[in-house]
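Quick look at model26.csv (CSV, C-alpha atoms and all ligand atoms):
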chain,number,residue,atom,x,y,z
O,1,ILE,CA,76.3,77.1,93.3
O,2,LYS,CA,78.6,74.2,92.4
O,3,LYS,CA,81.8,74.6,94.3
O,4,ILE,CA,82.4,76.0,97.8
O,5,GLY,CA,85.6,77.2,99.3
O,6,VAL,CA,86.1,77.1,103.1
O,7,PHE,CA,88.7,78.8,105.2
O,8,THR,CA,89.7,79.8,108.7
O,9,SER,CA,91.1,83.3,109.3
O,10,GLY,CA,92.3,85.6,112.1
O,11,GLY,CA,92.8,84.1,115.6
O,12,ASP,CA,92.3,80.4,115.9
O,13,SER,CA,89.6,79.0,118.1
O,14,PRO,CA,88.8,75.4,119.3
O,15,GLY,CA,85.9,74.1,117.3
O,16,MET,CA,87.1,75.5,114.0
O,17,ASN,CA,87.9,72.0,112.8
O,18,ALA,CA,84.4,70.8,113.7
O,19,ALA,CA,83.1,73.7,111.6
O,20,ILE,CA,85.3,72.8,108.6
O,21,ARG,CA,84.2,69.2,108.9
O,22,ALA,CA,80.5,70.3,108.9
O,23,VAL,CA,80.9,72.5,105.9
O,24,VAL,CA,82.8,69.9,103.9
O,25,ARG,CA,80.5,67.0,104.7
O,26,SER,CA,77.3,68.9,104.1
O,27,ALA,CA,78.6,70.3,100.8
O,28,LEU,CA,79.4,66.7,99.7
O,29,TYR,CA,76.0,65.6,101.0
O,30,TYR,CA,74.3,68.1,98.7
O,31,ASN,CA,76.6,67.0,95.8
O,32,LEU,CA,78.7,70.2,95.8
O,33,GLU,CA,82.4,70.3,95.3
O,34,VAL,CA,84.3,71.7,98.2
O,35,VAL,CA,87.9,73.1,98.5
O,36,GLY,CA,89.8,74.0,101.6
O,37,ILE,CA,91.8,77.2,101.5
O,38,ARG,CA,94.9,77.2,103.6
O,39,ARG,CA,95.9,80.1,105.8
O,40,GLY,CA,92.8,82.3,105.3
O,41,TYR,CA,93.0,85.3,102.9
O,42,GLU,CA,96.8,84.9,102.7
O,43,GLY,CA,96.4,81.4,101.1
O,44,MET,CA,93.6,82.6,98.9
O,45,ILE,CA,95.9,85.2,97.4
O,46,LEU,CA,98.7,82.7,97.0
O,47,GLY,CA,96.4,79.9,95.6
O,48,GLU,CA,96.8,77.4,98.4
O,49,PHE,CA,93.8,75.3,97.6
O,50,ILE,CA,93.2,71.7,98.7
O,51,PRO,CA,90.3,69.6,97.3
O,52,MET,CA,88.4,68.1,100.2
O,53,ASP,CA,86.6,64.8,100.5
O,54,ARG,CA,84.8,63.1,103.4
O,55,LYS,CA,88.1,61.5,104.5
O,56,SER,CA,90.1,64.7,104.6
O,57,VAL,CA,88.0,65.9,107.5
O,58,GLY,CA,88.0,62.6,109.3
O,59,ASN,CA,89.2,62.4,112.9
O,60,ILE,CA,89.4,66.2,113.3
O,61,ILE,CA,86.2,67.0,115.2
O,62,GLN,CA,88.0,66.5,118.5
O,63,ARG,CA,91.1,68.6,117.7
O,64,GLY,CA,91.7,72.2,118.7
O,65,GLY,CA,93.3,74.7,116.4
O,66,THR,CA,92.5,74.5,112.6
O,67,VAL,CA,93.8,71.9,110.2
O,68,LEU,CA,93.5,74.5,107.4
O,69,ARG,CA,95.7,76.8,109.5
O,70,THR,CA,95.1,80.5,109.8
O,71,ALA,CA,96.9,83.8,109.1
O,72,ARG,CA,96.5,87.5,109.1
O,73,SER,CA,96.8,89.0,105.6
O,74,PRO,CA,97.8,92.6,105.3
O,75,GLU,CA,97.6,92.2,101.5
O,76,PHE,CA,93.9,91.4,101.6
O,77,ARG,CA,93.3,94.8,103.0
O,78,THR,CA,94.4,96.2,99.6
O,79,LYS,CA,92.4,96.3,96.4
O,80,GLU,CA,95.2,94.6,94.5
O,81,GLY,CA,95.4,91.8,97.1
O,82,ARG,CA,91.6,91.1,96.9
O,83,GLN,CA,91.8,91.3,93.0
O,84,GLU,CA,94.4,88.5,93.1
O,85,ALA,CA,92.3,86.5,95.5
O,86,TYR,CA,89.3,86.8,93.2
O,87,LYS,CA,91.5,85.7,90.2
O,88,GLN,CA,92.6,82.6,92.2
O,89,LEU,CA,89.0,81.7,93.2
O,90,LYS,CA,87.8,82.1,89.6
O,91,ALA,CA,90.7,79.9,88.3
O,92,GLN,CA,89.4,77.2,90.6
O,93,ASN,CA,85.8,77.7,89.6
O,94,ILE,CA,84.9,78.4,93.3
O,95,ASP,CA,81.6,80.2,93.3
O,96,ALA,CA,80.9,80.7,97.0
O,97,LEU,CA,82.8,80.9,100.3
O,98,VAL,CA,82.3,80.0,103.9
O,99,ALA,CA,84.6,82.2,106.1
O,100,ILE,CA,85.2,81.0,109.7
O,101,GLY,CA,86.7,83.7,111.9
O,102,GLY,CA,86.0,86.9,113.8
O,103,ASP,CA,85.2,90.5,113.1
O,104,GLY,CA,88.3,91.2,111.0
O,105,THR,CA,87.5,88.2,108.8
O,106,PHE,CA,84.0,89.3,108.4
O,107,THR,CA,85.1,92.9,107.5
O,108,GLY,CA,87.2,91.5,104.8
O,109,ALA,CA,84.4,89.2,103.6
O,110,LYS,CA,81.9,92.0,103.4
O,111,ILE,CA,84.3,94.2,101.4
O,112,PHE,CA,85.2,91.3,99.0
O,113,GLY,CA,81.7,90.1,98.7
O,114,GLU,CA,80.5,93.5,97.6
O,115,GLU,CA,83.4,94.3,95.4
O,116,PHE,CA,83.2,91.2,93.3
O,117,ASP,CA,79.5,90.3,93.9
O,118,PHE,CA,80.7,87.0,95.5
O,119,PRO,CA,78.4,85.0,97.8
O,120,ILE,CA,80.0,84.5,101.2
O,121,LEU,CA,78.6,83.4,104.5
O,122,GLY,CA,80.5,83.6,107.8
O,123,LEU,CA,80.7,81.3,110.8
O,124,PRO,CA,81.6,83.0,114.2
O,125,GLY,CA,84.9,81.4,115.1
O,126,THR,CA,86.5,83.3,118.0
O,127,ILE,CA,87.1,82.6,121.6
O,128,ASP,CA,86.0,86.2,122.6
O,129,ASN,CA,82.3,85.8,122.0
O,130,ASP,CA,82.3,89.4,120.8
O,131,LEU,CA,80.1,89.1,117.7
O,132,PHE,CA,76.5,90.4,117.5
O,133,GLY,CA,73.9,88.0,116.2
O,134,THR,CA,74.9,84.8,118.0
O,135,ASP,CA,74.5,83.8,121.7
O,136,PHE,CA,77.9,82.0,121.5
O,137,THR,CA,80.8,81.9,119.1
O,138,ILE,CA,82.6,78.7,118.2
O,139,GLY,CA,85.5,78.4,120.7
O,140,TYR,CA,84.2,80.5,123.5
O,141,ASP,CA,82.8,77.6,125.6
O,142,THR,CA,86.1,75.7,125.3
O,143,SER,CA,88.1,78.7,126.2
O,144,ILE,CA,86.1,79.5,129.4
O,145,ASN,CA,86.4,75.9,130.4
O,146,ASN,CA,90.1,76.1,129.9
O,147,VAL,CA,90.2,79.2,132.1
O,148,VAL,CA,88.0,77.5,134.8
O,149,GLU,CA,90.2,74.4,134.8
O,150,ALA,CA,93.4,76.5,135.1
O,151,ILE,CA,92.0,78.7,137.9
O,152,ASP,CA,90.7,75.7,139.8
O,153,ARG,CA,94.4,74.6,140.0
O,154,ILE,CA,95.5,78.1,141.1
O,155,ARG,CA,92.8,78.0,143.7
O,156,ASP,CA,94.2,74.9,145.3
O,157,THR,CA,97.7,76.4,145.7
O,158,ALA,CA,96.2,79.8,146.7
O,159,GLU,CA,94.1,78.2,149.4
O,160,SER,CA,97.1,76.2,150.8
O,161,HIS,CA,99.3,79.3,151.0
O,162,SER,CA,96.6,81.9,151.8
O,163,ARG,CA,97.4,83.8,148.7
O,164,LEU,CA,95.6,86.4,146.6
O,165,PHE,CA,96.0,85.8,142.9
O,166,VAL,CA,95.4,88.4,140.2
O,167,VAL,CA,94.7,86.3,137.1
O,168,GLU,CA,94.9,87.8,133.6
O,169,VAL,CA,92.7,86.1,131.0
O,170,MET,CA,92.2,86.9,127.3
O,171,GLY,CA,89.9,89.5,126.0
O,172,ARG,CA,91.4,92.7,124.4
O,173,ASP,CA,88.1,94.4,123.8
O,174,CYS,CA,85.6,92.1,125.4
O,175,GLY,CA,85.3,90.9,129.0
O,176,LEU,CA,83.0,88.0,128.5
O,177,ILE,CA,85.7,85.4,129.1
O,178,ALA,CA,86.6,87.1,132.3
O,179,LEU,CA,83.0,87.5,133.4
O,180,ARG,CA,81.7,84.0,132.8
O,181,SER,CA,84.8,82.1,134.0
O,182,GLY,CA,84.8,84.4,137.0
O,183,ILE,CA,81.4,83.2,138.0
O,184,GLY,CA,82.5,79.7,137.3
O,185,VAL,CA,85.4,79.8,139.7
O,186,GLY,CA,83.8,82.0,142.4
O,187,ALA,CA,86.1,85.0,141.8
O,188,GLU,CA,86.1,87.8,144.3
O,189,SER,CA,86.2,90.5,141.7
O,190,ILE,CA,86.3,90.9,137.9
O,191,PHE,CA,87.9,93.7,135.8
O,192,ILE,CA,86.7,94.0,132.2
O,193,PRO,CA,87.2,96.6,129.5
O,194,GLU,CA,83.5,97.5,129.1
O,195,THR,CA,83.0,98.9,132.6
O,196,LYS,CA,85.0,101.1,134.9
O,197,THR,CA,85.9,99.2,138.0
O,198,ASP,CA,85.9,101.1,141.3
O,199,MET,CA,89.3,99.9,142.8
O,200,GLU,CA,88.3,101.4,146.1
O,201,ALA,CA,85.2,99.3,146.2
O,202,VAL,CA,87.1,96.2,145.3
O,203,MET,CA,89.5,96.8,148.2
O,204,HIS,CA,86.7,97.5,150.5
O,205,ARG,CA,85.0,94.3,149.6
O,206,LEU,CA,88.2,92.4,150.3
O,207,GLU,CA,88.3,94.1,153.7
O,208,ILE,CA,84.8,93.3,154.7
O,209,GLY,CA,84.7,89.9,152.9
O,210,ARG,CA,85.0,86.6,154.6
O,211,GLN,CA,88.1,86.4,156.7
O,212,ASP,CA,87.9,82.7,156.9
O,213,LYS,CA,88.4,82.3,153.2
O,214,MET,CA,92.1,81.8,152.8
O,215,SER,CA,92.4,82.4,149.0
O,216,LYS,CA,91.2,85.3,146.9
O,217,ILE,CA,91.0,85.3,143.1
O,218,LEU,CA,90.6,88.5,141.1
O,219,ILE,CA,90.2,88.1,137.3
O,220,VAL,CA,91.4,90.8,134.9
O,221,ALA,CA,90.6,90.8,131.2
O,222,GLU,CA,93.8,91.7,129.3
O,223,GLY,CA,92.2,94.7,127.7
O,224,GLU,CA,91.2,96.3,131.0
O,225,GLY,CA,93.2,99.5,130.8
O,226,GLU,CA,91.4,101.7,133.4
O,227,SER,CA,92.9,100.0,136.5
O,228,GLY,CA,96.3,99.4,134.7
O,229,GLY,CA,96.1,95.6,134.0
O,230,ALA,CA,97.0,92.7,136.3
O,231,MET,CA,100.5,94.0,137.3
O,232,GLU,CA,99.3,97.4,138.3
O,233,ILE,CA,96.3,96.0,140.2
O,234,SER,CA,98.5,93.7,142.1
O,235,GLU,CA,100.8,96.6,143.0
O,236,LYS,CA,97.9,98.7,144.3
O,237,LEU,CA,96.7,95.7,146.4
O,238,LYS,CA,100.2,95.1,147.8
O,239,LYS,CA,100.2,98.7,149.2
O,240,ARG,CA,96.8,98.3,150.8
O,241,PHE,CA,97.3,94.8,152.0
O,242,PRO,CA,101.0,94.4,152.9
O,243,HIS,CA,100.2,91.3,155.0
O,244,TYR,CA,98.7,89.5,152.0
O,245,ASP,CA,100.9,87.3,149.7
O,246,ILE,CA,99.8,88.6,146.3
O,247,ARG,CA,100.7,86.9,143.1
O,248,VAL,CA,100.0,87.5,139.4
O,249,SER,CA,99.3,84.7,136.9
O,250,ILE,CA,98.9,85.4,133.2
O,251,LEU,CA,97.1,82.4,131.6
O,252,GLY,CA,98.1,83.3,128.0
O,253,HIS,CA,97.7,80.9,125.1
O,254,ILE,CA,96.7,77.8,127.0
O,255,GLN,CA,93.2,79.4,126.8
O,256,ARG,CA,93.0,78.9,123.1
O,257,GLY,CA,94.1,75.3,122.8
O,258,GLY,CA,92.9,71.9,123.5
O,259,LYS,CA,89.9,69.7,122.7
O,260,PRO,CA,86.8,71.6,121.9
O,261,THR,CA,83.9,71.0,124.4
O,262,CYS,CA,80.8,69.2,123.2
O,263,MET,CA,79.0,72.4,123.2
O,264,ASP,CA,81.4,74.0,120.7
O,265,ARG,CA,81.4,70.8,118.5
O,266,VAL,CA,77.6,70.8,118.3
O,267,LEU,CA,77.5,74.6,117.7
O,268,ALA,CA,80.1,74.3,114.9
O,269,SER,CA,78.3,71.3,113.3
O,270,ARG,CA,74.9,73.1,113.3
O,271,LEU,CA,76.3,76.3,111.9
O,272,GLY,CA,78.4,74.5,109.3
O,273,VAL,CA,75.4,72.6,107.9
O,274,ALA,CA,73.2,75.8,108.0
O,275,ALA,CA,75.9,77.8,106.1
O,276,VAL,CA,76.0,75.3,103.2
O,277,GLU,CA,72.2,75.0,103.0
O,278,SER,CA,71.8,78.8,103.1
O,279,LEU,CA,74.4,79.4,100.4
O,280,MET,CA,72.3,77.0,98.2
O,281,GLU,CA,69.2,79.0,99.0
O,282,GLY,CA,70.9,82.2,97.8
O,283,ARG,CA,71.9,83.8,101.1
O,284,ARG,CA,75.1,85.9,101.2
O,285,ASN,CA,77.0,88.6,103.1
O,286,GLU,CA,75.8,87.4,106.5
O,287,MET,CA,77.0,85.6,109.6
O,288,VAL,CA,75.2,82.4,110.5
O,289,GLY,CA,74.7,82.3,114.3
O,290,LEU,CA,72.5,80.7,116.9
O,291,LEU,CA,70.1,82.9,118.8
O,292,ASN,CA,67.8,81.4,121.5
O,293,GLY,CA,68.6,78.0,120.1
O,294,LYS,CA,67.6,78.8,116.5
O,295,ILE,CA,69.7,79.5,113.5
O,296,ALA,CA,69.9,83.2,112.8
O,297,PHE,CA,71.4,85.4,110.1
O,298,THR,CA,73.0,88.7,110.7
O,299,PRO,CA,74.5,91.0,108.0
O,300,PHE,CA,78.3,91.2,108.4
O,301,ASP,CA,78.3,94.9,109.2
O,302,HIS,CA,75.9,94.3,112.1
O,303,ALA,CA,77.8,91.3,113.4
O,304,ILE,CA,81.0,93.2,113.7
O,305,LYS,CA,79.8,96.3,115.4
O,306,HIS,CA,80.9,95.4,118.8
O,307,HIS,CA,77.6,96.2,120.4
O,308,VAL,CA,77.5,92.9,122.4
O,309,GLU,CA,76.1,94.0,125.7
O,310,ILE,CA,77.5,92.9,129.0
O,311,ASN,CA,74.7,91.4,131.0
O,312,LYS,CA,74.7,93.4,134.2
O,313,ASP,CA,73.0,90.7,136.1
O,314,LEU,CA,76.1,88.5,135.7
O,315,PHE,CA,78.1,91.2,137.5
O,316,LYS,CA,75.6,91.3,140.3
O,317,ILE,CA,75.9,87.6,140.7
O,318,VAL,CA,79.6,87.9,141.2
O,319,ASP,CA,79.0,90.5,144.0
O,320,ILE,CA,76.3,88.5,145.7
O,321,LEU,CA,78.1,85.2,145.6
O,322,SER,CA,81.6,86.3,146.5
O,323,LEU,CA,80.9,88.0,149.8
K,401,LIG,P1,89.9,87.4,116.1
K,401,LIG,O1,88.7,88.2,116.5
K,401,LIG,O2,89.9,86.0,116.7
K,401,LIG,O3,91.2,88.1,116.2
K,401,LIG,P2,89.6,88.1,113.3
K,401,LIG,O4,88.9,87.5,112.2
K,401,LIG,O5,89.0,89.4,113.9
K,401,LIG,O6,89.8,87.1,114.5
K,401,LIG,P3,91.8,89.7,112.2
K,401,LIG,O7,93.2,89.5,112.2
K,401,LIG,O8,91.2,91.0,112.8
K,401,LIG,O9,91.1,88.4,112.9
K,401,LIG,O10,91.2,89.6,110.7
K,401,LIG,C1,91.6,88.5,109.9
K,401,LIG,C2,92.0,89.0,108.5
K,401,LIG,O11,90.8,89.6,107.9
K,401,LIG,C3,93.0,90.1,108.4
K,401,LIG,O12,94.3,89.6,108.5
K,401,LIG,C4,92.8,90.7,107.0
K,401,LIG,O13,93.4,89.9,106.0
K,401,LIG,C5,91.3,90.6,106.9
K,401,LIG,N1,90.7,91.9,107.2
K,401,LIG,C6,90.5,92.5,108.4
K,401,LIG,N2,90.0,93.8,108.3
K,401,LIG,C7,90.0,94.0,106.9
K,401,LIG,C8,89.6,95.1,106.1
K,401,LIG,N3,89.2,96.3,106.7
K,401,LIG,N4,89.7,95.0,104.8
K,401,LIG,C9,90.0,93.8,104.2
K,401,LIG,N5,90.4,92.7,104.9
K,401,LIG,C10,90.4,92.8,106.2
Write out the structure in this file as structure tokens.
Ligand code: ATP
Amino acid sequence: IKKIGVFTSGGDSPGMNAAIRAVVRSALYYNLEVVGIRRGYEGMILGEFIPMDRKSVGNIIQRGGTVLRTARSPEFRTKEGRQEAYKQLKAQNIDALVAIGGDGTFTGAKIFGEEFDFPILGLPGTIDNDLFGTDFTIGYDTSINNVVEAIDRIRDTAESHSRLFVVEVMGRDCGLIALRSGIGVGAESIFIPETKTDMEAVMHRLEIGRQDKMSKILIVAEGEGESGGAMEISEKLKKRFPHYDIRVSILGHIQRGGKPTCMDRVLASRLGVAAVESLMEGRRNEMVGLLNGKIAFTPFDHAIKHHVEINKDLFKIVDILSL
């Protein structure tokens, strides 16, 4: 391998810049050439390549988002689109890729890698923490800290006005943001897509719970469909607790932005270096993750299978500590 291409794709996540920096600097350390590809697969197809040197990734480790920008590319889903991408990579003499993204990005990488016999390794860059084969994804820690900070503010005002807040957080298919931040803010209940929430039990807990606690926080992952999402949950609660002042807050995109935490920066740095070293050793078609503190490789098709299990003990912790 002589020349590596690096790109970010799909949803952005804080820490992607630290990952780009790590890939670029370690490639240069090992005397490889390295090229940044703008806007993921879209830029690959359109030939948006930028040669990278040490300076081009200076002063970005602390910045959220991705300097290479990101995109969703419907064209890459077609054989013609991928053929064009391959042509562009060949024209640049790029002979290996590091893809930073989530399950969609890895699905594309797997198909492309097999179709053109092209070495690709993936770094888990998504706030959802929904990839199998890594304890944490790059961006998850920052995101849950953003959520905790926002809900701490909501708690102040909720406590002052004796309000109940239903807070919607990100997580279309995965409730890990809701679950972990919920523990972090001392939420009364958490609703996530993976498990069915017994609304009656939630209401009962509110009734028997501490009456001296003026504020209540319920966290709902956006993909929680069973109970109808934040709005419907609040309507149900209003019927049962007419005396309570109930509000809904949808945190939205503030969850994805901002400076990455040190944990995300270190994770991104470790995985970026490991990706370059492993490409040189001939590894391909895998996601590089961190399991129990050690670098671990998971084939793309395993990483994306969505069998990340929810730790039931965490749910129990919410129940024990919120009463
Ligand atoms: P996040 O989980 O944060 O949303 P992601 O990587 O899963 O990130 P997607 O938008 O699902 O984001 O995927 C990114 C890109 O990967 C898509 O826009 C598309 O170009 C490519 N991709 C996804 N699925 C496929 C597929 N089946 N075949 C080819 N390319 C694909």
**Report entry** Close residues to ligand LIG 401 (chain K) using all atoms listed in the file, limit 9 Å, as a ChimeraX atom specification
**Finding:** /O:8-13,40-42,70-79,82,100-112,124-131,304
Report task. Please identify all polymer residues within 9 Å of Leu121 (chain O), counting only C-alpha atoms, omitting same-chain residues fewer than 2 positions from it, and present them as a ChimeraX atom specification. Result -> /O:96-100,106,109,119,123,275-276,278-279,283-288,300
For the residues selected in the previous step, produce a file with C-alpha atoms as a PDB file, keeping the file's coordinate frame.
ATOM      1  CA  ALA O  96      80.900  80.700  97.000  1.00  0.00           C
ATOM      2  CA  LEU O  97      82.800  80.900 100.300  1.00  0.00           C
ATOM      3  CA  VAL O  98      82.300  80.000 103.900  1.00  0.00           C
ATOM      4  CA  ALA O  99      84.600  82.200 106.100  1.00  0.00           C
ATOM      5  CA  ILE O 100      85.200  81.000 109.700  1.00  0.00           C
ATOM      6  CA  PHE O 106      84.000  89.300 108.400  1.00  0.00           C
ATOM      7  CA  ALA O 109      84.400  89.200 103.600  1.00  0.00           C
ATOM      8  CA  PRO O 119      78.400  85.000  97.800  1.00  0.00           C
ATOM      9  CA  LEU O 123      80.700  81.300 110.800  1.00  0.00           C
ATOM     10  CA  ALA O 275      75.900  77.800 106.100  1.00  0.00           C
ATOM     11  CA  VAL O 276      76.000  75.300 103.200  1.00  0.00           C
ATOM     12  CA  SER O 278      71.800  78.800 103.100  1.00  0.00           C
ATOM     13  CA  LEU O 279      74.400  79.400 100.400  1.00  0.00           C
ATOM     14  CA  ARG O 283      71.900  83.800 101.100  1.00  0.00           C
ATOM     15  CA  ARG O 284      75.100  85.900 101.200  1.00  0.00           C
ATOM     16  CA  ASN O 285      77.000  88.600 103.100  1.00  0.00           C
ATOM     17  CA  GLU O 286      75.800  87.400 106.500  1.00  0.00           C
ATOM     18  CA  MET O 287      77.000  85.600 109.600  1.00  0.00           C
ATOM     19  CA  VAL O 288      75.200  82.400 110.500  1.00  0.00           C
ATOM     20  CA  PHE O 300      78.300  91.200 108.400  1.00  0.00           C
TER      21      PHE O 300
END
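CA of Pro51 (chain O) is positioned 28.7 Å from CA of Pro299 (chain O).
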Query - Within 7 Å of Gly133 (chain O) using all atoms listed in the file, minus same-chain residues under 2 positions, as a list of chain:residue names - result: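 Answer for this query is O:Leu131, O:Asp135, O:Gly289, O:Leu291, O:Thr298, O:Ala303.
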Requested in this report: Name the closest residue to Asp245 (chain O) among the candidates O:Ala158, O:Ala230, O:Ala178, O:Val266; distances are taken between atoms, counting all atoms listed in the file.
Outcome: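 Smallest distance to Asp245 (chain O) is found for O:Ala158.
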Requested in this report: Name the closest residue to Val23 (chain O) among the candidates O:Gly293, O:Gly122, O:Gly171, O:Gly282; distances are taken between atoms, counting only C-alpha atoms.
Outcome: O:Gly122
Report task. Go through O:Asn59, O:Gln83, O:Leu251, O:Cys174 one by one, measure the shortest atom-to-atom distance of each to Ile151 (chain O) using all atoms listed in the file, and give the residue with the smallest value. Result -> O:Leu251
Query raised in the report: Quick one, how far is CA of Phe49 (chain O) from CA of Gly36 (chain O)?
Result: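 CA of Gly36 (chain O) lies 5.8 Å from CA of Phe49 (chain O).
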Requested in this report: Excluding Ala221 (chain O) and residues on its chain fewer than 5 positions from it, collect all residues at most 12 Å away from it, counting all atoms listed in the file, and give them as a ChimeraX atom specification.
Outcome: /O:128,147,166-182,189-195,197,226-230,233,250-252
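Taking CA of Lys55 (chain O) as the reference point, CA of Val34 (chain O) is found at 12.6 Å.
Distance annotation: of O:Gly65, O:His253, O:Val273, O:Lys259, the residue with the minimal separation from Tyr29 (chain O) is O:Val273; atom set is only C-alpha atoms.
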Requested in this report: Considering all atoms listed in the file, return as a list of chain:residue names whatever protein or nucleic-acid residues lie within 8 Å of Gln62 (chain O), sequence-local ones (same chain, fewer than 2 positions apart) excluded.
Outcome: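 In the requested form, the answer reads O:Gly15, O:Asn17, O:Ala18, O:Asn59, O:Ile60, O:Gly64, O:Lys259, O:Pro260, O:Arg265.
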Kindly list the centre and edge lengths in Å, rounded to one decimal, for the axis-aligned box that covers all listed atoms of region 152-160 of chain O plus 6 Å on each of its six sides, as JSON.
{"center_x": 94.2, "center_y": 77.2, "center_z": 145.3, "size_x": 19.0, "size_y": 17.2, "size_z": 23.0}
Report task. List the neighbours of Lys90 (chain O) out to 12 Å using all atoms listed in the file; skip same-chain residues closer than 5 positions along the sequence, and give me the result as a list in words. Result ->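 That gives Lys3, Ile4, Gly5, Met44, Ile45, Gly47, Gln83, Glu84, Ala85, Asp95, Ala96, Leu97, Phe116 and Phe118 of chain O.
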